[in-house]
>>> print(open('structure-v6.cif').read())   # mmCIF, C-alpha atoms and all ligand atoms; chains and numbers go by the auth columns
data_coords
loop_
_atom_site.group_PDB
_atom_site.id
_atom_site.type_symbol
_atom_site.label_atom_id
_atom_site.label_comp_id
_atom_site.label_asym_id
_atom_site.label_seq_id
_atom_site.Cartn_x
_atom_site.Cartn_y
_atom_site.Cartn_z
_atom_site.B_iso_or_equiv
_atom_site.auth_seq_id
_atom_site.auth_asym_id
ATOM 1 C CA MET A 1 -1.126 -6.572 -6.989 0.00 1 X
ATOM 2 C CA LYS A 2 0.285 -7.598 -3.622 0.00 2 X
ATOM 3 C CA LYS A 3 -2.118 -7.621 -0.649 0.00 3 X
ATOM 4 C CA VAL A 4 -1.976 -5.607 2.552 0.00 4 X
ATOM 5 C CA ALA A 5 -2.395 -7.493 5.820 0.00 5 X
ATOM 6 C CA VAL A 6 -4.274 -5.506 8.446 0.00 6 X
ATOM 7 C CA ILE A 7 -3.649 -7.158 11.806 0.00 7 X
ATOM 8 C CA MET A 8 -5.010 -5.894 15.112 0.00 8 X
ATOM 9 C CA GLY A 9 -4.252 -7.079 18.622 0.00 9 X
ATOM 10 C CA SER A 10 -7.913 -7.180 19.627 0.00 10 X
ATOM 11 C CA ASP A 11 -11.309 -6.671 18.057 0.00 11 X
ATOM 12 C CA SER A 12 -11.568 -3.686 20.418 0.00 12 X
ATOM 13 C CA ASP A 13 -9.056 -1.952 18.107 0.00 13 X
ATOM 14 C CA PHE A 14 -11.371 -2.172 15.096 0.00 14 X
ATOM 15 C CA LYS A 15 -13.118 1.153 15.705 0.00 15 X
ATOM 16 C CA VAL A 16 -9.804 2.827 14.845 0.00 16 X
ATOM 17 C CA VAL A 17 -8.486 0.215 12.403 0.00 17 X
ATOM 18 C CA GLN A 18 -11.562 0.405 10.180 0.00 18 X
ATOM 19 C CA LYS A 19 -10.278 3.766 8.928 0.00 19 X
ATOM 20 C CA ALA A 20 -7.314 1.920 7.397 0.00 20 X
ATOM 21 C CA VAL A 21 -9.618 -0.648 5.824 0.00 21 X
ATOM 22 C CA LEU A 22 -11.832 2.071 4.331 0.00 22 X
ATOM 23 C CA LYS A 23 -8.786 3.817 2.862 0.00 23 X
ATOM 24 C CA LEU A 24 -7.492 0.583 1.282 0.00 24 X
ATOM 25 C CA LYS A 25 -10.948 0.031 -0.239 0.00 25 X
ATOM 26 C CA GLU A 26 -10.875 3.583 -1.599 0.00 26 X
ATOM 27 C CA PHE A 27 -7.675 2.700 -3.493 0.00 27 X
ATOM 28 C CA SER A 28 -9.008 -0.758 -4.496 0.00 28 X
ATOM 29 C CA VAL A 29 -6.024 -2.398 -2.835 0.00 29 X
ATOM 30 C CA PRO A 30 -6.597 -6.050 -1.848 0.00 30 X
ATOM 31 C CA TYR A 31 -6.342 -6.729 1.873 0.00 31 X
ATOM 32 C CA GLU A 32 -7.004 -9.249 4.617 0.00 32 X
ATOM 33 C CA VAL A 33 -8.040 -8.326 8.133 0.00 33 X
ATOM 34 C CA HIS A 34 -7.193 -10.474 11.191 0.00 34 X
ATOM 35 C CA VAL A 35 -7.114 -10.347 14.973 0.00 35 X
ATOM 36 C CA MET A 36 -3.811 -11.720 16.274 0.00 36 X
ATOM 37 C CA SER A 37 -1.969 -10.884 19.421 0.00 37 X
ATOM 38 C CA ALA A 38 1.724 -10.774 20.224 0.00 38 X
ATOM 39 C CA HIS A 39 0.832 -11.916 23.728 0.00 39 X
ATOM 40 C CA ARG A 40 -2.383 -13.937 23.478 0.00 40 X
ATOM 41 C CA THR A 41 -1.620 -15.785 20.216 0.00 41 X
ATOM 42 C CA PRO A 42 2.148 -15.398 19.759 0.00 42 X
ATOM 43 C CA ASP A 43 2.559 -18.547 17.645 0.00 43 X
ATOM 44 C CA ALA A 44 -0.218 -17.576 15.217 0.00 44 X
ATOM 45 C CA ALA A 45 1.235 -14.070 14.841 0.00 45 X
ATOM 46 C CA ALA A 46 4.735 -15.407 14.152 0.00 46 X
ATOM 47 C CA GLU A 47 3.432 -18.025 11.711 0.00 47 X
ATOM 48 C CA PHE A 48 1.362 -15.461 9.817 0.00 48 X
ATOM 49 C CA SER A 49 4.336 -13.158 9.457 0.00 49 X
ATOM 50 C CA LYS A 50 6.761 -15.908 8.415 0.00 50 X
ATOM 51 C CA ASN A 51 4.403 -16.896 5.582 0.00 51 X
ATOM 52 C CA ALA A 52 3.176 -13.401 4.643 0.00 52 X
ATOM 53 C CA LYS A 53 5.533 -12.924 1.692 0.00 53 X
ATOM 54 C CA ASP A 54 4.754 -16.353 0.192 0.00 54 X
ATOM 55 C CA ASN A 55 1.051 -15.702 0.740 0.00 55 X
ATOM 56 C CA GLY A 56 1.111 -12.627 -1.505 0.00 56 X
ATOM 57 C CA PHE A 57 1.363 -9.824 1.033 0.00 57 X
ATOM 58 C CA GLY A 58 3.488 -6.755 0.253 0.00 58 X
ATOM 59 C CA VAL A 59 2.937 -4.788 3.453 0.00 59 X
ATOM 60 C CA ILE A 60 1.700 -5.559 6.959 0.00 60 X
ATOM 61 C CA ILE A 61 -0.208 -2.996 9.005 0.00 61 X
ATOM 62 C CA ALA A 62 -0.267 -3.870 12.702 0.00 62 X
ATOM 63 C CA ALA A 63 -2.402 -2.049 15.255 0.00 63 X
ATOM 64 C CA ALA A 64 -2.167 -2.583 18.992 0.00 64 X
ATOM 65 C CA GLY A 65 -2.678 -0.723 22.229 0.00 65 X
ATOM 66 C CA MET A 66 -1.085 -0.789 25.680 0.00 66 X
ATOM 67 C CA ALA A 67 2.157 -2.889 25.664 0.00 67 X
ATOM 68 C CA ALA A 68 1.925 -2.850 21.877 0.00 68 X
ATOM 69 C CA HIS A 69 4.438 -5.465 20.757 0.00 69 X
ATOM 70 C CA LEU A 70 2.421 -6.778 17.808 0.00 70 X
ATOM 71 C CA ALA A 71 4.051 -4.735 15.033 0.00 71 X
ATOM 72 C CA GLY A 72 7.519 -5.498 16.368 0.00 72 X
ATOM 73 C CA VAL A 73 6.868 -9.223 16.648 0.00 73 X
ATOM 74 C CA LEU A 74 5.462 -9.347 13.108 0.00 74 X
ATOM 75 C CA ALA A 75 8.464 -7.351 11.841 0.00 75 X
ATOM 76 C CA ALA A 76 10.825 -9.790 13.554 0.00 76 X
ATOM 77 C CA HIS A 77 9.582 -12.640 11.355 0.00 77 X
ATOM 78 C CA THR A 78 9.482 -11.053 7.902 0.00 78 X
ATOM 79 C CA THR A 79 11.387 -8.859 5.461 0.00 79 X
ATOM 80 C CA ILE A 80 8.280 -7.135 4.102 0.00 80 X
ATOM 81 C CA PRO A 81 7.624 -3.654 5.501 0.00 81 X
ATOM 82 C CA VAL A 82 5.579 -3.390 8.686 0.00 82 X
ATOM 83 C CA ILE A 83 3.605 -0.269 9.553 0.00 83 X
ATOM 84 C CA GLY A 84 2.582 0.130 13.181 0.00 84 X
ATOM 85 C CA ILE A 85 -0.515 1.921 14.472 0.00 85 X
ATOM 86 C CA PRO A 86 -0.295 2.651 18.206 0.00 86 X
ATOM 87 C CA ILE A 87 -3.831 2.501 19.609 0.00 87 X
ATOM 88 C CA LYS A 88 -4.895 4.886 22.353 0.00 88 X
ATOM 89 C CA SER A 89 -6.272 3.121 25.417 0.00 89 X
ATOM 90 C CA ALA A 90 -7.666 4.272 28.741 0.00 90 X
ATOM 91 C CA ASN A 91 -4.333 5.050 30.395 0.00 91 X
ATOM 92 C CA PHE A 92 -1.398 7.179 29.221 0.00 92 X
ATOM 93 C CA ASP A 93 -3.220 8.610 26.160 0.00 93 X
ATOM 94 C CA GLY A 94 -1.570 6.118 23.794 0.00 94 X
ATOM 95 C CA MET A 95 1.969 7.032 24.831 0.00 95 X
ATOM 96 C CA ASP A 96 2.454 3.448 26.068 0.00 96 X
ATOM 97 C CA ALA A 97 1.548 1.981 22.668 0.00 97 X
ATOM 98 C CA LEU A 98 3.449 4.678 20.770 0.00 98 X
ATOM 99 C CA LEU A 99 6.726 3.934 22.540 0.00 99 X
ATOM 100 C CA ALA A 100 6.248 0.165 22.403 0.00 100 X
ATOM 101 C CA THR A 101 5.596 0.353 18.655 0.00 101 X
ATOM 102 C CA VAL A 102 8.166 2.914 17.559 0.00 102 X
ATOM 103 C CA MET A 103 11.211 2.156 19.714 0.00 103 X
ATOM 104 C CA MET A 104 12.485 -0.812 17.741 0.00 104 X
ATOM 105 C CA PRO A 105 16.071 -2.040 17.810 0.00 105 X
ATOM 106 C CA THR A 106 18.297 -1.550 14.768 0.00 106 X
ATOM 107 C CA GLY A 107 17.579 -4.151 12.124 0.00 107 X
ATOM 108 C CA ILE A 108 13.868 -4.549 12.833 0.00 108 X
ATOM 109 C CA PRO A 109 12.160 -1.312 11.728 0.00 109 X
ATOM 110 C CA VAL A 110 8.492 -0.581 12.258 0.00 110 X
ATOM 111 C CA ALA A 111 7.255 2.459 10.324 0.00 111 X
ATOM 112 C CA THR A 112 5.085 3.952 13.033 0.00 112 X
ATOM 113 C CA VAL A 113 2.255 6.382 12.326 0.00 113 X
ATOM 114 C CA ALA A 114 0.558 8.685 14.833 0.00 114 X
ATOM 115 C CA VAL A 115 -1.483 7.350 17.738 0.00 115 X
ATOM 116 C CA ASP A 116 -4.751 6.104 16.154 0.00 116 X
ATOM 117 C CA GLY A 117 -3.359 7.151 12.733 0.00 117 X
ATOM 118 C CA ALA A 118 -5.033 4.321 10.845 0.00 118 X
ATOM 119 C CA ALA A 119 -5.810 6.226 7.629 0.00 119 X
ATOM 120 C CA ASN A 120 -2.175 7.301 7.312 0.00 120 X
ATOM 121 C CA ALA A 121 -1.052 3.708 7.837 0.00 121 X
ATOM 122 C CA ALA A 122 -3.140 2.690 4.841 0.00 122 X
ATOM 123 C CA ILE A 123 -1.907 5.610 2.726 0.00 123 X
ATOM 124 C CA LEU A 124 1.690 4.681 3.556 0.00 124 X
ATOM 125 C CA ALA A 125 0.998 1.068 2.590 0.00 125 X
ATOM 126 C CA VAL A 126 -0.489 2.258 -0.709 0.00 126 X
ATOM 127 C CA GLN A 127 2.589 4.437 -1.302 0.00 127 X
ATOM 128 C CA MET A 128 4.817 1.386 -0.812 0.00 128 X
ATOM 129 C CA LEU A 129 2.807 -0.699 -3.278 0.00 129 X
ATOM 130 C CA ALA A 130 2.670 2.237 -5.713 0.00 130 X
ATOM 131 C CA LEU A 131 6.463 2.090 -6.162 0.00 131 X
ATOM 132 C CA CYS A 132 5.812 -0.730 -8.646 0.00 132 X
ATOM 133 C CA ASP A 133 2.323 0.253 -9.787 0.00 133 X
ATOM 134 C CA ASP A 134 1.721 3.292 -12.010 0.00 134 X
ATOM 135 C CA GLU A 135 -2.060 3.171 -11.677 0.00 135 X
ATOM 136 C CA LEU A 136 -1.841 3.308 -7.875 0.00 136 X
ATOM 137 C CA SER A 137 0.715 6.076 -8.161 0.00 137 X
ATOM 138 C CA GLU A 138 -1.712 8.142 -10.260 0.00 138 X
ATOM 139 C CA LYS A 139 -4.446 7.609 -7.658 0.00 139 X
ATOM 140 C CA LEU A 140 -2.078 8.959 -4.997 0.00 140 X
ATOM 141 C CA GLU A 141 -1.301 12.011 -7.170 0.00 141 X
ATOM 142 C CA LYS A 142 -5.039 12.624 -7.506 0.00 142 X
ATOM 143 C CA MET A 143 -5.548 12.294 -3.751 0.00 143 X
ATOM 144 C CA LYS A 144 -2.889 14.962 -3.182 0.00 144 X
ATOM 145 C CA SER A 145 -4.285 17.367 -5.778 0.00 145 X
ATOM 146 C CA ASP A 146 -7.851 16.887 -4.416 0.00 146 X
ATOM 147 C CA MET A 147 -6.504 17.649 -0.947 0.00 147 X
ATOM 148 C CA ALA A 148 -4.758 20.786 -2.172 0.00 148 X
ATOM 149 C CA ALA A 149 -7.937 21.911 -3.984 0.00 149 X
ATOM 150 C CA GLY A 150 -9.870 21.372 -0.735 0.00 150 X
ATOM 151 C CA VAL A 151 -7.443 23.586 1.189 0.00 151 X
ATOM 152 C CA ALA A 152 -7.551 26.269 -1.534 0.00 152 X
ATOM 153 C CA LYS A 153 -11.355 26.310 -1.243 0.00 153 X
ATOM 154 C CA LYS A 154 -11.133 26.627 2.565 0.00 154 X
ATOM 155 C CA ASP A 155 -8.663 29.477 2.093 0.00 155 X
ATOM 156 C CA GLU A 156 -11.097 31.364 -0.172 0.00 156 X
ATOM 157 C CA ASP A 157 -13.967 30.723 2.271 0.00 157 X
ATOM 158 C CA ILE A 158 -12.032 31.906 5.313 0.00 158 X
ATOM 159 C CA ILE A 159 -10.880 35.082 3.530 0.00 159 X
ATOM 160 C CA ARG A 160 -14.500 35.850 2.663 0.00 160 X
ATOM 161 C CA LYS A 161 -15.738 35.087 6.193 0.00 161 X
ATOM 162 C CA ALA A 162 -13.056 37.335 7.678 0.00 162 X
ATOM 163 C CA GLU A 163 -14.058 40.145 5.347 0.00 163 X
ATOM 164 C CA GLU A 164 -17.702 39.755 6.381 0.00 164 X
ATOM 165 C CA LEU A 165 -16.966 40.106 10.110 0.00 165 X
HETATM 166 C C1 LIG B . -3.848 -4.889 23.023 0.00 201 I
HETATM 167 O O1 LIG B . -4.520 -4.750 24.220 0.00 201 I
HETATM 168 C C2 LIG B . -4.887 -4.757 21.971 0.00 201 I
HETATM 169 O O2 LIG B . -4.308 -4.327 20.776 0.00 201 I
HETATM 170 C C3 LIG B . -5.839 -3.752 22.542 0.00 201 I
HETATM 171 O O3 LIG B . -5.550 -2.432 22.093 0.00 201 I
HETATM 172 C C4 LIG B . -5.582 -3.845 24.027 0.00 201 I
HETATM 173 C C5 LIG B . -6.780 -4.278 24.819 0.00 201 I
HETATM 174 O O4 LIG B . -7.286 -5.484 24.304 0.00 201 I
HETATM 175 P P1 LIG B . -8.683 -6.079 24.820 0.00 201 I
HETATM 176 O O5 LIG B . -8.496 -6.356 26.279 0.00 201 I
HETATM 177 O O6 LIG B . -9.731 -5.020 24.548 0.00 201 I
HETATM 178 O O7 LIG B . -8.924 -7.325 24.009 0.00 201 I
HETATM 179 O O8 LIG B . -3.193 -6.111 22.942 0.00 201 I
#
>>> encode(input="structure-v6.cif", output="structure tokens")
Amino acid sequence: MKKVAVIMGSDSDFKVVQKAVLKLKEFSVPYEVHVMSAHRTPDAAAEFSKNAKDNGFGVIIAAAGMAAHLAGVLAAHTTIPVIGIPIKSANFDGMDALLATVMMPTGIPVATVAVDGAANAAILAVQMLALCDDELSEKLEKMKSDMAAGVAKKDEDIIRKAEEL
């Protein structure tokens, strides 16, 4: 199976990014985690991305806050899909990172999830890999049916609670 690269702009992003790592573990998808910055280590980020396909990666997840150019820079150097996680920082509630991640020019897409949406980034990466992997696809089906069962249970509970008021 191809690996997922989980790249973050700073170790300070890991509190959020670990939710993506946990989700990839849940699906037993192989991954590598790195700190690389579009601004502080631009050459390392470009080099990683240029070689990602040859190094067995199928998807790159890139998380960054503030002027969040990491996902875009990684996407500029590869043809494998890049998923961006805008990280919320002290100012602007993450709107700065959201716009910097999502507003890519035509030709260089970054599939951007919600601000701090690390778990969804991992699920999207798994969905991409599952296009060529039936076992992964079945795990995704199970995740969806478990989720639906969870909501059905909450529905029953809330109906009962409302009746007991
Ligand atoms: C971004 O700047 C990083 O992704 C991080 O979200 C933010 C702050 O980085 P640190 O100053 O905490 O290293 O590049």
>>> closest_atom_pairs(input="structure-v6.cif", of="chain X", to="ligand LIG 201 (chain I)", cutoff="8 Å", atoms="all atoms listed in the file", output="JSON lines")
{"residue": "X:Met8", "atom": "CA", "partner": "I:LIG201", "partner_atom": "O2", "distance": 5.9}
{"residue": "X:Gly9", "atom": "CA", "partner": "I:LIG201", "partner_atom": "O2", "distance": 3.5}
{"residue": "X:Ser10", "atom": "CA", "partner": "I:LIG201", "partner_atom": "O7", "distance": 4.5}
{"residue": "X:Asp11", "atom": "CA", "partner": "I:LIG201", "partner_atom": "O7", "distance": 6.4}
{"residue": "X:Ser12", "atom": "CA", "partner": "I:LIG201", "partner_atom": "O6", "distance": 4.7}
{"residue": "X:Asp13", "atom": "CA", "partner": "I:LIG201", "partner_atom": "O3", "distance": 5.3}
{"residue": "X:Ser37", "atom": "CA", "partner": "I:LIG201", "partner_atom": "O8", "distance": 6.1}
{"residue": "X:Ala38", "atom": "CA", "partner": "I:LIG201", "partner_atom": "O8", "distance": 7.3}
{"residue": "X:His39", "atom": "CA", "partner": "I:LIG201", "partner_atom": "O8", "distance": 7.1}
{"residue": "X:Arg40", "atom": "CA", "partner": "I:LIG201", "partner_atom": "O8", "distance": 7.9}
{"residue": "X:Ala63", "atom": "CA", "partner": "I:LIG201", "partner_atom": "O2", "distance": 6.3}
{"residue": "X:Ala64", "atom": "CA", "partner": "I:LIG201", "partner_atom": "O2", "distance": 3.3}
{"residue": "X:Gly65", "atom": "CA", "partner": "I:LIG201", "partner_atom": "O3", "distance": 3.3}
{"residue": "X:Met66", "atom": "CA", "partner": "I:LIG201", "partner_atom": "O1", "distance": 5.4}
{"residue": "X:Ala67", "atom": "CA", "partner": "I:LIG201", "partner_atom": "O8", "distance": 6.8}
{"residue": "X:Ala68", "atom": "CA", "partner": "I:LIG201", "partner_atom": "O8", "distance": 6.2}
{"residue": "X:His69", "atom": "CA", "partner": "I:LIG201", "partner_atom": "O8", "distance": 8.0}
{"residue": "X:Leu70", "atom": "CA", "partner": "I:LIG201", "partner_atom": "O8", "distance": 7.6}
{"residue": "X:Ile87", "atom": "CA", "partner": "I:LIG201", "partner_atom": "O3", "distance": 5.8}
{"residue": "X:Lys88", "atom": "CA", "partner": "I:LIG201", "partner_atom": "O3", "distance": 7.4}
{"residue": "X:Ser89", "atom": "CA", "partner": "I:LIG201", "partner_atom": "O3", "distance": 6.5}
>>> residues_around(input="structure-v6.cif", residues="Ile83 in chain X", least_positions_apart="5", cutoff="6 Å", atoms="only C-alpha atoms", output="list in words")
Ile61, Val110, Ala111 and Thr112 of chain X
>>> resolve_selection(input="structure-v6.cif", expression="the PyMOL selection byres (((chain X and resi 6) around 9) and not hetatm)", output="mmCIF file with C-alpha atoms, in the frame of the given file")
data_model
loop_
_atom_site.group_PDB
_atom_site.id
_atom_site.type_symbol
_atom_site.label_atom_id
_atom_site.label_comp_id
_atom_site.auth_asym_id
_atom_site.auth_seq_id
_atom_site.Cartn_x
_atom_site.Cartn_y
_atom_site.Cartn_z
ATOM 1 C CA VAL X 4 -1.976 -5.607 2.552
ATOM 2 C CA ALA X 5 -2.395 -7.493 5.820
ATOM 3 C CA ILE X 7 -3.649 -7.158 11.806
ATOM 4 C CA MET X 8 -5.010 -5.894 15.112
ATOM 5 C CA VAL X 17 -8.486 0.215 12.403
ATOM 6 C CA ALA X 20 -7.314 1.920 7.397
ATOM 7 C CA VAL X 21 -9.618 -0.648 5.824
ATOM 8 C CA TYR X 31 -6.342 -6.729 1.873
ATOM 9 C CA GLU X 32 -7.004 -9.249 4.617
ATOM 10 C CA VAL X 33 -8.040 -8.326 8.133
ATOM 11 C CA HIS X 34 -7.193 -10.474 11.191
ATOM 12 C CA VAL X 35 -7.114 -10.347 14.973
ATOM 13 C CA VAL X 59 2.937 -4.788 3.453
ATOM 14 C CA ILE X 60 1.700 -5.559 6.959
ATOM 15 C CA ILE X 61 -0.208 -2.996 9.005
ATOM 16 C CA ALA X 62 -0.267 -3.870 12.702
ATOM 17 C CA ALA X 63 -2.402 -2.049 15.255
#
>>> closest_atom_pairs(input="structure-v6.cif", of="range 78-133 of chain X", to="range 141-151 of chain X", cutoff="12 Å", atoms="only C-alpha atoms", output="Markdown table")
| residue | atom | partner | partner_atom | distance |
| --- | --- | --- | --- | --- |
| X:Ile123 | CA | X:Met143 | CA | 10.0 |
| X:Val126 | CA | X:Met143 | CA | 11.6 |
| X:Gln127 | CA | X:Glu141 | CA | 10.3 |
| X:Ala130 | CA | X:Glu141 | CA | 10.7 |
>>> resolve_selection(input="structure-v6.cif", expression="the PyMOL selection byres (((chain X and resi 77) around 8) and not hetatm)", output="NGL selection string")
:X and (46 or 49-50 or 73-76 or 78-79)
>>> residues_around(input="structure-v6.cif", residues="Val16 in chain X", least_positions_apart="2", cutoff="7 Å", atoms="only C-alpha atoms", output="list in words")
Asp13, Phe14, Gln18, Lys19, Asp116 and Ala118 of chain X
>>> residues_around(input="structure-v6.cif", residues="Phe57 in chain X", least_positions_apart="2", cutoff="6 Å", atoms="all atoms listed in the file", output="ChimeraX atom specification")
/X:2-4,52-53,55,59
>>> atom_distance(input="structure-v6.cif", atom1="CA of Ser28 in chain X", atom2="CA of Val82 in chain X")
19.8 Å
>>> atom_distance(input="structure-v6.cif", atom1="CA of Leu136 in chain X", atom2="CA of Val29 in chain X")
8.7 Å
>>> atom_distance(input="structure-v6.cif", atom1="CA of Gly117 in chain X", atom2="CA of Pro86 in chain X")
7.7 Å
>>> axis_aligned_box(input="structure-v6.cif", around="range 141-160 of chain X", padding_each_side="5 Å", output="JSON")
{"center_x": -7.9, "center_y": 23.9, "center_z": -1.1, "size_x": 23.2, "size_y": 33.8, "size_z": 22.8}
